[in-house]
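Student: Sharing a structure here in structure tokens format.
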Amino acid sequence: MLKNKTAVVTGGTRGIGLAIARKYLENGANVVVAGSRQETVDQALEKLQEYEGHIMGICPNLCDPQEVAAVFASVRERFGSLDILVNNAGISSRTSIYEYTMEEFTRIVDINLKAVCVCSQAAARIMKEQGGGVILNTSSMVGEYGQASGCIYPTTKFAVNGLTRSLARELARDGIRVNAVAPGVTNTDMVSALPKEMVERIAAGIPLGRVGEPMDVANAFLYLASDMADYVTGVVLRVDGATMV
Ligand code: NAD
């Protein structure tokens, strides 16, 4: 479904991002895994080594426009194009509003929102020149409902939904589609860091009867990146088993 396409997946070193990287590779794409540290990027590349020749690792500061532009240019040079950007890197938080420090606030906003803007800008410039592309964002079900602690995390995901819907309209004329996937509780490190009772409580309210797996989410990202979604832009696709909160 993605033959001859090149995708950059931020936060592609583990969890949902690694599942997206694998799914894209299985479907014929070249995949560039962007992580926060060279060590974790190397570990991810090792897990994907059967796709050697079609994988590349990068770890730019995702909030630095010059750095991001330079590595995206190197991606284009290596594979000939940059067709798909998946803004997936993200950090979660359970901190109470009474306890938030401005450092934590900035850290969450930087990776969950600023990096999405910076990477989208750099990718859109390349995609416009190429005549089109696809930008996909990882949102969250809490970007629809909010959550009862760590309010800055859902706030950034509400913003990601707004950015998705706005960029879809702005970039349509350049042949660039922009969509988001909003996972429910998904079985990754981010979730194993949450209190067990909290995960159980959320899972109990899922009509499909289970927590999501990274591949459930990756399948949605495959569809939205592919030509099957040619007339789909500006959507936030829920992949949450119809979770009710
Ligand atoms: P994870 O913690 O397993 O992975 C997060 C990824 O982001 C890692 O690859 C990490 O290296 C990367 N990352 C973090 N900070 C970074 C930085 N400064 N620079 C570059 N990369 C950085 O989490 P996950 O569950 O796979 O989450 C991936 C995305 O899915 C996030 O955007 C998260 O908000 C979203 N999400 C997760 C769930 C869930 O239940 N797991 C639910 C809804 C949304």
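Here, A, B, ... name the chains of the structure tokens in the order displayed, residue numbers run from 1 inside each chain, and ligands are numbered from 1 in the same displayed order.
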What does the list of residues within 6 Å of ligand 1 look like if you count only C-alpha atoms and all ligand atoms, written as a VMD selection string?

Tutor: chain A and resid 10 to 17 35 to 36 62 88 to 92 111 138 to 140 183 to 191

Student: Would you kindly return, as a PyMOL selection string, each protein, DNA or RNA residue with an atom no farther than 9 Å from any atom of stretch 208-220 of chain A, considering only C-alpha atoms and excluding same-chain residues fewer than 4 positions away?

Tutor: chain A and resi 15-24+181-188+199+202-204+224-225+237+239-243

Student: I need the residues of stretch 110-163 of chain A that end up classed as helix (DSSP H, G or I) by DSSP on the backbone, written out as a PyMOL selection string.

Tutor: chain A and resi 110-130+142-145+152-163

Student: Those residues you just picked out, can you put them in a file as a PDB file, in the first residue's frame with C-alpha atoms?

Tutor:
ATOM      1  CA  ASP A 110       7.277  21.458  23.323  1.00  0.00           C
ATOM      2  CA  ILE A 111       7.190  17.801  22.324  1.00  0.00           C
ATOM      3  CA  ASN A 112       3.418  17.336  22.002  1.00  0.00           C
ATOM      4  CA  LEU A 113       2.639  20.542  20.123  1.00  0.00           C
ATOM      5  CA  LYS A 114       5.613  22.706  19.140  1.00  0.00           C
ATOM      6  CA  ALA A 115       7.436  19.736  17.586  1.00  0.00           C
ATOM      7  CA  VAL A 116       4.299  18.866  15.586  1.00  0.00           C
ATOM      8  CA  CYS A 117       4.255  22.415  14.164  1.00  0.00           C
ATOM      9  CA  VAL A 118       7.990  22.492  13.447  1.00  0.00           C
ATOM     10  CA  CYS A 119       8.042  19.083  11.737  1.00  0.00           C
ATOM     11  CA  SER A 120       4.839  19.803   9.788  1.00  0.00           C
ATOM     12  CA  GLN A 121       6.288  23.061   8.499  1.00  0.00           C
ATOM     13  CA  ALA A 122       9.539  21.445   7.357  1.00  0.00           C
ATOM     14  CA  ALA A 123       7.740  18.491   5.756  1.00  0.00           C
ATOM     15  CA  ALA A 124       5.066  20.658   4.095  1.00  0.00           C
ATOM     16  CA  ARG A 125       7.742  22.768   2.409  1.00  0.00           C
ATOM     17  CA  ILE A 126       9.233  19.647   0.847  1.00  0.00           C
ATOM     18  CA  MET A 127       5.836  18.094   0.033  1.00  0.00           C
ATOM     19  CA  LYS A 128       4.615  21.274  -1.659  1.00  0.00           C
ATOM     20  CA  GLU A 129       7.660  21.216  -3.924  1.00  0.00           C
ATOM     21  CA  GLN A 130       7.060  17.540  -4.658  1.00  0.00           C
ATOM     22  CA  VAL A 142      -8.309  12.554  25.930  1.00  0.00           C
ATOM     23  CA  GLY A 143      -8.085  15.234  23.211  1.00  0.00           C
ATOM     24  CA  GLU A 144     -11.845  14.824  22.999  1.00  0.00           C
ATOM     25  CA  TYR A 145     -12.841  14.298  26.636  1.00  0.00           C
ATOM     26  CA  ILE A 152      -1.602  19.931  29.970  1.00  0.00           C
ATOM     27  CA  TYR A 153      -1.392  16.557  28.192  1.00  0.00           C
ATOM     28  CA  PRO A 154      -5.014  16.524  26.948  1.00  0.00           C
ATOM     29  CA  THR A 155      -4.752  20.248  26.274  1.00  0.00           C
ATOM     30  CA  THR A 156      -1.923  19.609  23.799  1.00  0.00           C
ATOM     31  CA  LYS A 157      -3.997  16.877  22.132  1.00  0.00           C
ATOM     32  CA  PHE A 158      -6.982  19.250  21.737  1.00  0.00           C
ATOM     33  CA  ALA A 159      -4.490  21.595  20.078  1.00  0.00           C
ATOM     34  CA  VAL A 160      -3.203  18.823  17.812  1.00  0.00           C
ATOM     35  CA  ASN A 161      -6.795  18.199  16.662  1.00  0.00           C
ATOM     36  CA  GLY A 162      -7.177  21.906  15.914  1.00  0.00           C
ATOM     37  CA  LEU A 163      -3.893  21.985  14.040  1.00  0.00           C
TER      38      LEU A 163
END

Student: Got a sec to tell me which of stretch 12-231 of chain A DSSP assigns to strand (DSSP E), as an mmCIF file with N, CA and C atoms, in the first residue's frame?

Tutor:
data_model
loop_
_atom_site.group_PDB
_atom_site.id
_atom_site.type_symbol
_atom_site.label_atom_id
_atom_site.label_comp_id
_atom_site.auth_asym_id
_atom_site.auth_seq_id
_atom_site.Cartn_x
_atom_site.Cartn_y
_atom_site.Cartn_z
ATOM 1 N N ASN A 30 9.892 3.186 2.591
ATOM 2 C CA ASN A 30 11.134 3.467 3.305
ATOM 3 C C ASN A 30 10.721 4.200 4.573
ATOM 4 N N VAL A 31 11.348 3.865 5.691
ATOM 5 C CA VAL A 31 10.929 4.488 6.947
ATOM 6 C C VAL A 31 12.113 5.092 7.693
ATOM 7 N N VAL A 32 11.926 6.330 8.107
ATOM 8 C CA VAL A 32 12.929 7.035 8.898
ATOM 9 C C VAL A 32 12.386 7.163 10.316
ATOM 10 N N VAL A 33 13.106 6.529 11.234
ATOM 11 C CA VAL A 33 12.690 6.539 12.634
ATOM 12 C C VAL A 33 13.363 7.716 13.333
ATOM 13 N N ALA A 34 12.541 8.611 13.896
ATOM 14 C CA ALA A 34 13.097 9.748 14.633
ATOM 15 C C ALA A 34 12.875 9.523 16.122
ATOM 16 N N ILE A 55 15.564 1.555 5.811
ATOM 17 C CA ILE A 55 15.395 2.238 7.101
ATOM 18 C C ILE A 55 16.541 3.207 7.353
ATOM 19 N N MET A 56 16.225 4.212 8.152
ATOM 20 C CA MET A 56 17.222 5.222 8.498
ATOM 21 C C MET A 56 16.826 5.750 9.885
ATOM 22 N N GLY A 57 17.810 6.140 10.680
ATOM 23 C CA GLY A 57 17.514 6.681 12.002
ATOM 24 C C GLY A 57 17.997 8.117 12.113
ATOM 25 N N ILE A 58 17.218 8.938 12.799
ATOM 26 C CA ILE A 58 17.623 10.330 13.031
ATOM 27 C C ILE A 58 17.218 10.711 14.463
ATOM 28 N N ILE A 84 5.440 11.043 3.587
ATOM 29 C CA ILE A 84 4.553 10.879 4.749
ATOM 30 C C ILE A 84 5.300 11.321 6.005
ATOM 31 N N LEU A 85 4.680 12.187 6.773
ATOM 32 C CA LEU A 85 5.235 12.541 8.088
ATOM 33 C C LEU A 85 4.237 12.078 9.140
ATOM 34 N N VAL A 86 4.718 11.312 10.110
ATOM 35 C CA VAL A 86 3.868 10.923 11.242
ATOM 36 C C VAL A 86 4.410 11.609 12.491
ATOM 37 N N ASN A 87 3.672 12.591 12.979
ATOM 38 C CA ASN A 87 4.038 13.283 14.217
ATOM 39 C C ASN A 87 3.477 12.485 15.387
ATOM 40 N N GLY A 133 1.683 15.204 -0.429
ATOM 41 C CA GLY A 133 2.169 14.361 0.667
ATOM 42 C C GLY A 133 1.082 14.171 1.702
ATOM 43 N N VAL A 134 1.481 13.517 2.771
ATOM 44 C CA VAL A 134 0.520 13.208 3.844
ATOM 45 C C VAL A 134 1.161 13.530 5.194
ATOM 46 N N ILE A 135 0.440 14.278 6.011
ATOM 47 C CA ILE A 135 0.894 14.544 7.381
ATOM 48 C C ILE A 135 -0.132 13.917 8.332
ATOM 49 N N LEU A 136 0.363 13.096 9.252
ATOM 50 C CA LEU A 136 -0.519 12.420 10.203
ATOM 51 C C LEU A 136 -0.044 12.709 11.625
ATOM 52 N N ASN A 137 -0.986 12.928 12.513
ATOM 53 C CA ASN A 137 -0.645 13.243 13.897
ATOM 54 C C ASN A 137 -1.231 12.214 14.845
ATOM 55 N N THR A 138 -0.488 11.902 15.903
ATOM 56 C CA THR A 138 -1.060 11.045 16.937
ATOM 57 C C THR A 138 -1.708 11.941 17.980
ATOM 58 N N ILE A 176 -1.557 18.241 -0.071
ATOM 59 C CA ILE A 176 -1.106 17.626 1.187
ATOM 60 C C ILE A 176 -2.332 17.335 2.060
ATOM 61 N N ARG A 177 -2.529 16.058 2.389
ATOM 62 C CA ARG A 177 -3.618 15.675 3.283
ATOM 63 C C ARG A 177 -3.100 15.659 4.723
ATOM 64 N N VAL A 178 -3.958 16.072 5.666
ATOM 65 C CA VAL A 178 -3.552 16.110 7.074
ATOM 66 C C VAL A 178 -4.656 15.469 7.923
ATOM 67 N N ASN A 179 -4.303 14.427 8.625
ATOM 68 C CA ASN A 179 -5.277 13.725 9.468
ATOM 69 C C ASN A 179 -4.628 13.337 10.785
ATOM 70 N N ALA A 180 -5.472 12.940 11.727
ATOM 71 C CA ALA A 180 -4.951 12.464 13.011
ATOM 72 C C ALA A 180 -5.628 11.162 13.387
ATOM 73 N N VAL A 181 -4.937 10.410 14.219
ATOM 74 C CA VAL A 181 -5.515 9.198 14.814
ATOM 75 C C VAL A 181 -5.558 9.452 16.320
ATOM 76 N N ALA A 182 -6.702 9.187 16.907
ATOM 77 C CA ALA A 182 -6.858 9.382 18.349
ATOM 78 C C ALA A 182 -7.008 8.022 19.035
ATOM 79 N N PRO A 183 -5.889 7.459 19.502
ATOM 80 C CA PRO A 183 -5.990 6.156 20.162
ATOM 81 C C PRO A 183 -6.655 6.275 21.524
#

Student: Please indicate the distance in Å from atom CA of A:Cys63 to atom CA of A:Val41, rounded to one decimal place.

Tutor: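 So the answer is 17.7 Å.
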
Student: Interatomic distance between atom CA of A:Glu52 and atom CA of A:Arg37?

Tutor: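 It comes out at 20.1 Å.
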
Student: Tell me, in Å to one decimal, how far atom CA of A:Ala172 is from atom CA of A:Asp230.

Tutor: 11.2 Å

Student: So which residues touch A:Phe79 within 12 Å, counting only C-alpha atoms, skipping near sequence neighbours fewer than 3 positions away, as a list of chain:residue names?

Tutor: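 After dropping sequence-adjacent residues, the list is A:Asn4, A:Lys5, A:Thr6, A:Ala7, A:Val8, A:Ala29, A:Asn30, A:Val31, A:Val32, A:Gly53, A:His54, A:Ile55, A:Met56, A:Phe72, A:Ala73, A:Ser74, A:Val75, A:Arg76, A:Leu82, A:Asp83.
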
Student: Generate the output file for the selected residues, all heavy atoms, as a compact mmCIF listing (two decimals), in the first residue's frame.

Tutor:
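Just written: out19.txt:
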# COMPACT_ATOMS: atom_id res chain seq x y z
N ASN A 4 7.27 2.57 -2.72
CA ASN A 4 8.01 3.74 -3.20
C ASN A 4 7.74 5.03 -2.42
O ASN A 4 8.09 6.11 -2.88
CB ASN A 4 7.74 4.01 -4.69
CG ASN A 4 8.17 2.83 -5.54
OD1 ASN A 4 9.17 2.19 -5.25
ND2 ASN A 4 7.38 2.52 -6.56
N LYS A 5 7.08 4.92 -1.28
CA LYS A 5 6.86 6.11 -0.44
C LYS A 5 7.93 6.14 0.66
O LYS A 5 8.42 5.09 1.08
CB LYS A 5 5.49 6.06 0.24
CG LYS A 5 4.32 5.87 -0.70
CD LYS A 5 3.91 7.18 -1.30
CE LYS A 5 2.62 7.02 -2.08
NZ LYS A 5 2.36 8.12 -2.96
N THR A 6 8.23 7.35 1.11
CA THR A 6 9.16 7.50 2.24
C THR A 6 8.45 8.21 3.38
O THR A 6 7.83 9.26 3.18
CB THR A 6 10.41 8.28 1.81
OG1 THR A 6 11.10 7.52 0.81
CG2 THR A 6 11.34 8.51 3.00
N ALA A 7 8.53 7.61 4.57
CA ALA A 7 7.84 8.14 5.73
C ALA A 7 8.83 8.45 6.85
O ALA A 7 9.75 7.68 7.10
CB ALA A 7 6.82 7.13 6.24
N VAL A 8 8.61 9.57 7.53
CA VAL A 8 9.32 9.86 8.77
C VAL A 8 8.33 9.64 9.91
O VAL A 8 7.21 10.15 9.87
CB VAL A 8 9.82 11.33 8.82
CG1 VAL A 8 10.35 11.66 10.22
CG2 VAL A 8 10.90 11.58 7.78
N ALA A 29 7.16 0.79 2.21
CA ALA A 29 7.72 2.14 2.35
C ALA A 29 9.17 2.10 2.83
O ALA A 29 9.62 1.11 3.41
CB ALA A 29 6.88 2.94 3.35
N ASN A 30 9.89 3.19 2.59
CA ASN A 30 11.13 3.47 3.31
C ASN A 30 10.72 4.20 4.57
O ASN A 30 9.85 5.07 4.52
CB ASN A 30 12.05 4.39 2.49
CG ASN A 30 12.39 3.80 1.15
OD1 ASN A 30 12.85 2.68 1.06
ND2 ASN A 30 12.13 4.56 0.08
N VAL A 31 11.35 3.87 5.69
CA VAL A 31 10.93 4.49 6.95
C VAL A 31 12.11 5.09 7.69
O VAL A 31 13.14 4.44 7.88
CB VAL A 31 10.19 3.48 7.86
CG1 VAL A 31 9.93 4.08 9.23
CG2 VAL A 31 8.87 3.05 7.22
N VAL A 32 11.93 6.33 8.11
CA VAL A 32 12.93 7.03 8.90
C VAL A 32 12.39 7.16 10.32
O VAL A 32 11.35 7.78 10.55
CB VAL A 32 13.20 8.43 8.30
CG1 VAL A 32 14.26 9.16 9.12
CG2 VAL A 32 13.60 8.31 6.84
N GLY A 53 18.35 -1.13 4.24
CA GLY A 53 18.28 -0.52 2.91
C GLY A 53 17.04 0.35 2.78
O GLY A 53 16.97 1.23 1.92
N HIS A 54 16.05 0.08 3.65
CA HIS A 54 14.81 0.87 3.61
C HIS A 54 14.59 1.62 4.91
O HIS A 54 13.53 2.22 5.11
CB HIS A 54 13.61 -0.05 3.35
CG HIS A 54 13.67 -0.73 2.02
ND1 HIS A 54 13.26 -0.11 0.86
CD2 HIS A 54 14.16 -1.93 1.66
CE1 HIS A 54 13.47 -0.93 -0.16
NE2 HIS A 54 14.01 -2.04 0.30
N ILE A 55 15.56 1.55 5.81
CA ILE A 55 15.40 2.24 7.10
C ILE A 55 16.54 3.21 7.35
O ILE A 55 17.65 3.04 6.86
CB ILE A 55 15.29 1.25 8.29
CG1 ILE A 55 16.42 0.21 8.24
CG2 ILE A 55 13.93 0.58 8.34
CD1 ILE A 55 16.46 -0.71 9.44
N MET A 56 16.22 4.21 8.15
CA MET A 56 17.22 5.22 8.50
C MET A 56 16.83 5.75 9.88
O MET A 56 15.63 5.77 10.22
CB MET A 56 17.15 6.35 7.45
CG MET A 56 18.04 7.53 7.68
SD MET A 56 17.82 8.69 6.25
CE MET A 56 18.71 10.10 6.86
N PHE A 72 15.41 16.50 7.44
CA PHE A 72 14.40 16.13 6.43
C PHE A 72 15.01 16.23 5.02
O PHE A 72 14.71 15.42 4.14
CB PHE A 72 13.15 17.00 6.55
CG PHE A 72 12.24 16.63 7.71
CD1 PHE A 72 12.65 15.71 8.68
CD2 PHE A 72 10.97 17.17 7.83
CE1 PHE A 72 11.81 15.36 9.75
CE2 PHE A 72 10.13 16.83 8.89
CZ PHE A 72 10.55 15.93 9.86
N ALA A 73 15.89 17.23 4.84
CA ALA A 73 16.57 17.34 3.54
C ALA A 73 17.46 16.12 3.31
O ALA A 73 17.54 15.59 2.19
CB ALA A 73 17.40 18.63 3.50
N SER A 74 18.08 15.64 4.39
CA SER A 74 18.95 14.46 4.23
C SER A 74 18.12 13.20 3.95
O SER A 74 18.56 12.29 3.26
CB SER A 74 19.86 14.26 5.46
OG SER A 74 19.10 13.81 6.56
N VAL A 75 16.90 13.15 4.48
CA VAL A 75 15.98 12.03 4.19
C VAL A 75 15.64 12.03 2.70
O VAL A 75 15.69 11.01 2.01
CB VAL A 75 14.68 12.17 5.02
CG1 VAL A 75 13.59 11.23 4.51
CG2 VAL A 75 14.96 11.92 6.50
N ARG A 76 15.33 13.21 2.20
CA ARG A 76 14.97 13.33 0.78
C ARG A 76 16.15 12.95 -0.11
O ARG A 76 15.98 12.29 -1.14
CB ARG A 76 14.54 14.78 0.52
CG ARG A 76 13.88 14.96 -0.81
CD ARG A 76 13.68 16.43 -1.06
NE ARG A 76 12.76 16.67 -2.15
CZ ARG A 76 12.43 17.87 -2.57
NH1 ARG A 76 12.90 18.94 -1.96
NH2 ARG A 76 11.62 18.02 -3.58
N LEU A 82 10.08 12.78 0.44
CA LEU A 82 9.50 12.64 1.79
C LEU A 82 7.99 12.75 1.58
O LEU A 82 7.47 13.83 1.30
CB LEU A 82 10.01 13.75 2.72
CG LEU A 82 9.86 13.53 4.23
CD1 LEU A 82 10.38 14.74 5.00
CD2 LEU A 82 8.47 13.20 4.70
N ASP A 83 7.32 11.60 1.64
CA ASP A 83 5.91 11.55 1.27
C ASP A 83 4.96 11.57 2.45
O ASP A 83 3.81 11.99 2.33
CB ASP A 83 5.65 10.27 0.45
CG ASP A 83 6.62 10.16 -0.70
OD1 ASP A 83 6.48 10.93 -1.66
OD2 ASP A 83 7.57 9.34 -0.62
